[in-house]
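Written out below as structure tokens is the structure these notes cover.
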Amino acid sequence: MPYVNIQTTKGATRSQKAQLVREVTDSLVRILRKKPEHTHVVIQEIADEDWGFSGLLTDDWKKKKAR
């Protein structure tokens, strides 16, 4: 039973999330021959203030980039 966890910052539309779930599932079926009814895909949206990289929180990085 495949379980895929996608973590991203907030902002994806419902349509984009549906496309991700569909395409990840299709890839597992095509490449690994997994059954789609046994495939779970979870999308976790994380607030910019709760995600950091390059030594900065994402919201601070976006502010810095906008300058």
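Numbering starts fresh at 1 for the residues of each chain in the structure tokens, the chains themselves are lettered A, B, ... in the order given, and ligands are numbered from 1 as they appear.
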
Within 9 Å of Leu20 in chain A, counting only C-alpha atoms, which residues show up once you throw out same-chain ones fewer than 5 positions away? Write them as a ChimeraX atom specification, please.
/A:15,25,41,43

**Prompt:** Quick one: DSSP alpha helix (DSSP H) residues in chain A, as a list in words?
**Reply:** Arg14, Ser15, Gln16, Lys17, Ala18, Gln19, Leu20, Val21, Arg22, Glu23, Val24, Thr25, Asp26, Ser27, Leu28, Val29, Arg30, Ile31, Leu32, Thr58, Asp59, Asp60, Trp61, Lys62, Lys63, Lys64, Lys65 and Ala66 of chain A

File of the preceding selection, C-alpha atoms, as a PDB file, in the first residue's frame:
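Wrote it out as selection-v1.pdb, contents follow:
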ATOM      1  CA  ARG A  14      -8.015  22.560  -5.282  1.00  0.00           C
ATOM      2  CA  SER A  15      -7.600  21.831  -8.985  1.00  0.00           C
ATOM      3  CA  GLN A  16      -3.802  21.721  -8.661  1.00  0.00           C
ATOM      4  CA  LYS A  17      -4.053  19.399  -5.652  1.00  0.00           C
ATOM      5  CA  ALA A  18      -6.399  17.084  -7.547  1.00  0.00           C
ATOM      6  CA  GLN A  19      -3.945  17.002 -10.451  1.00  0.00           C
ATOM      7  CA  LEU A  20      -1.071  16.132  -8.084  1.00  0.00           C
ATOM      8  CA  VAL A  21      -3.038  13.270  -6.529  1.00  0.00           C
ATOM      9  CA  ARG A  22      -4.064  11.975  -9.951  1.00  0.00           C
ATOM     10  CA  GLU A  23      -0.585  12.167 -11.475  1.00  0.00           C
ATOM     11  CA  VAL A  24       1.247  10.701  -8.464  1.00  0.00           C
ATOM     12  CA  THR A  25      -1.252   7.831  -8.393  1.00  0.00           C
ATOM     13  CA  ASP A  26      -0.911   7.309 -12.156  1.00  0.00           C
ATOM     14  CA  SER A  27       2.897   7.184 -11.805  1.00  0.00           C
ATOM     15  CA  LEU A  28       2.732   4.548  -9.070  1.00  0.00           C
ATOM     16  CA  VAL A  29       0.352   2.470 -11.176  1.00  0.00           C
ATOM     17  CA  ARG A  30       2.476   2.810 -14.321  1.00  0.00           C
ATOM     18  CA  ILE A  31       5.952   2.410 -12.810  1.00  0.00           C
ATOM     19  CA  LEU A  32       5.407   0.119  -9.817  1.00  0.00           C
ATOM     20  CA  THR A  58       9.774  31.474   4.040  1.00  0.00           C
ATOM     21  CA  ASP A  59       7.687  34.581   4.786  1.00  0.00           C
ATOM     22  CA  ASP A  60      10.871  36.526   5.613  1.00  0.00           C
ATOM     23  CA  TRP A  61      12.572  35.173   2.484  1.00  0.00           C
ATOM     24  CA  LYS A  62       9.625  36.323   0.337  1.00  0.00           C
ATOM     25  CA  LYS A  63       9.749  39.794   1.902  1.00  0.00           C
ATOM     26  CA  LYS A  64      13.496  40.011   1.280  1.00  0.00           C
ATOM     27  CA  LYS A  65      13.047  38.853  -2.328  1.00  0.00           C
ATOM     28  CA  ALA A  66      10.332  41.482  -2.952  1.00  0.00           C
TER      29      ALA A  66
END

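Put simply, CA of Leu57 in chain A is 13.7 Å away from CA of Lys10 in chain A.
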
So which residues touch Ile46 in chain A within 9 Å, counting only C-alpha atoms, skipping near sequence neighbours fewer than 5 positions away, as a count of residues only?
5

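Within chain A, DSSP run on the backbone puts these residues in strand (DSSP E or B): Tyr3, Val4, Asn5, Ile6, Gln7, Thr8, Thr9, His40, Val41, Val42, Ile43, Gln44, Glu45, Ile46, Gly52, Phe53, Leu56 and Leu57 of chain A.
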